[in-house]
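What follows is a short report on a single structure.
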Amino acid sequence: MREGRQHPFVRIGKYLPYLEVIALALIIAGVALAFSGNGSIVRMIGILLLAGVYFQYAFQRIELNLLPDEKQGFTELLRFSIVPKVLWLSCSVSLVGIAFYLLKLTPQSYQQLLLIGAVTLASGFVILLPAVLGHARNADKLVPLLYRAAPLVVLDIYLLMK
């Protein structure tokens, strides 16, 4: 790629928060419409749009506040690059599993997705939570990801136990 050109996944990053709000609004509208007997397609579009947004978030860089001449080690690479990417992808997989569950597909189709999502989200929490709770430097950049992943891991486990 030439200088100044960005990958399309990076360019779309500035629109992701807006798409996320639209997806959440569609999900809420779909749930509200479900009480009248309609709205399942609206809810499904919202869930799948949110899955796509979370997939795109995996390709966004986390901007860190670094001191001049500060060296980064494996812990920082794991904490701010590898695990967040895995968690965003796991959020996307979990949402697709939830969509499959709502479509009433065969149990083995959605159970595998929910299991993969729940296990990887839980393991990501085990890795990232000590950094966030210990107020490690730049750990505040991870909190929004954990806020998005926490309800999904709970919902995954609930649907698997059902």
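Identifiers for the structure tokens are assigned positionally: chains receive A, B, ... in sequence, residues are indexed from 1 per chain, and ligands are indexed from 1 in the order shown.
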Query raised in the report: Which residues, written as a list in words, have at least one atom at most 7 Å from range 112-118 of chain A, with only C-alpha atoms counted and residues fewer than 5 positions away on the same chain left out?
Result: Ser90, Cys91, Val93, Ser94, Gly97, Val153, Asp156, Ile157 and Leu160 of chain A
**Report entry** chain A: residues DSSP assigns to helix (DSSP H, G or I), reported as a PyMOL selection string
**Finding:** chain A and resi 8-34+40-57+74-102+107-133+139-141+143-161
Report task. Using only C-alpha atoms, determine which residues lie at most 6 Å from Ser92 in chain A, disregarding the query and same-chain residues fewer than 2 positions distant; provide the list as a PyMOL selection string. Result -> chain A and resi 51+54-55+89-90+94-95
Requested in this report: Excluding Ser40 in chain A and any residue of its chain fewer than 4 positions from it, enumerate the residues within 9 Å of it, using only C-alpha atoms, and give them as a ChimeraX atom specification.
Outcome: /A:30-31,33-34,44-45,102
Residues within 8 Å of Ile47 in chain A, please, as a PDB file with N, CA and C atoms, in the first residue's frame. Count only C-alpha atoms; anything in the same chain fewer than 6 positions from it doesn't count.
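Printed below is selection-v1.pdb as written:
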ATOM      1  N   ALA A  23     -27.347  -0.596  15.801  1.00  0.00           N
ATOM      2  CA  ALA A  23     -27.617  -2.023  16.021  1.00  0.00           C
ATOM      3  C   ALA A  23     -28.342  -2.248  17.344  1.00  0.00           C
ATOM      4  N   LEU A  24     -27.900  -1.565  18.398  1.00  0.00           N
ATOM      5  CA  LEU A  24     -28.566  -1.709  19.693  1.00  0.00           C
ATOM      6  C   LEU A  24     -29.991  -1.172  19.647  1.00  0.00           C
ATOM      7  N   ILE A  27     -32.084  -3.790  17.982  1.00  0.00           N
ATOM      8  CA  ILE A  27     -32.364  -4.904  18.896  1.00  0.00           C
ATOM      9  C   ILE A  27     -33.458  -4.519  19.884  1.00  0.00           C
ATOM     10  N   LEU A  95     -22.568 -13.528  19.303  1.00  0.00           N
ATOM     11  CA  LEU A  95     -23.782 -12.931  18.742  1.00  0.00           C
ATOM     12  C   LEU A  95     -24.337 -13.753  17.588  1.00  0.00           C
ATOM     13  N   VAL A  96     -23.475 -14.338  16.789  1.00  0.00           N
ATOM     14  CA  VAL A  96     -23.964 -15.223  15.716  1.00  0.00           C
ATOM     15  C   VAL A  96     -24.600 -16.462  16.333  1.00  0.00           C
ATOM     16  N   ALA A  99     -27.963 -15.477  17.483  1.00  0.00           N
ATOM     17  CA  ALA A  99     -28.857 -15.364  16.320  1.00  0.00           C
ATOM     18  C   ALA A  99     -29.313 -16.744  15.857  1.00  0.00           C
TER      19      ALA A  99
END
Requested in this report: For range 132-141 of chain A, please output as a count of residues only all residues within 12 Å (counting only C-alpha atoms; exclusion window: fewer than 4 positions along the same chain).
Outcome: 21
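The residue that comes closest to Lys162 in chain A, out of A:Val119, A:Gln111, A:Val53, A:Val143 and on the basis of only C-alpha atoms, is A:Gln111.
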Report summary line: Across A:Leu87, A:Ile98, A:Leu48, A:Leu121, the smallest distance to Tyr158 in chain A, with only C-alpha atoms counted, is shown by A:Ile98
Requested in this report: Tell me which of A:Ala122, A:Tyr57, A:Gly52, A:Arg43 sits closest to Lys14 in chain A, counting only C-alpha atoms.
Outcome: A:Tyr57
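Among the candidates A:Pro107, A:Gly73, A:Gly39, A:Pro8, the residue lying nearest to Leu159 in chain A is A:Pro107 (atoms considered: only C-alpha atoms).
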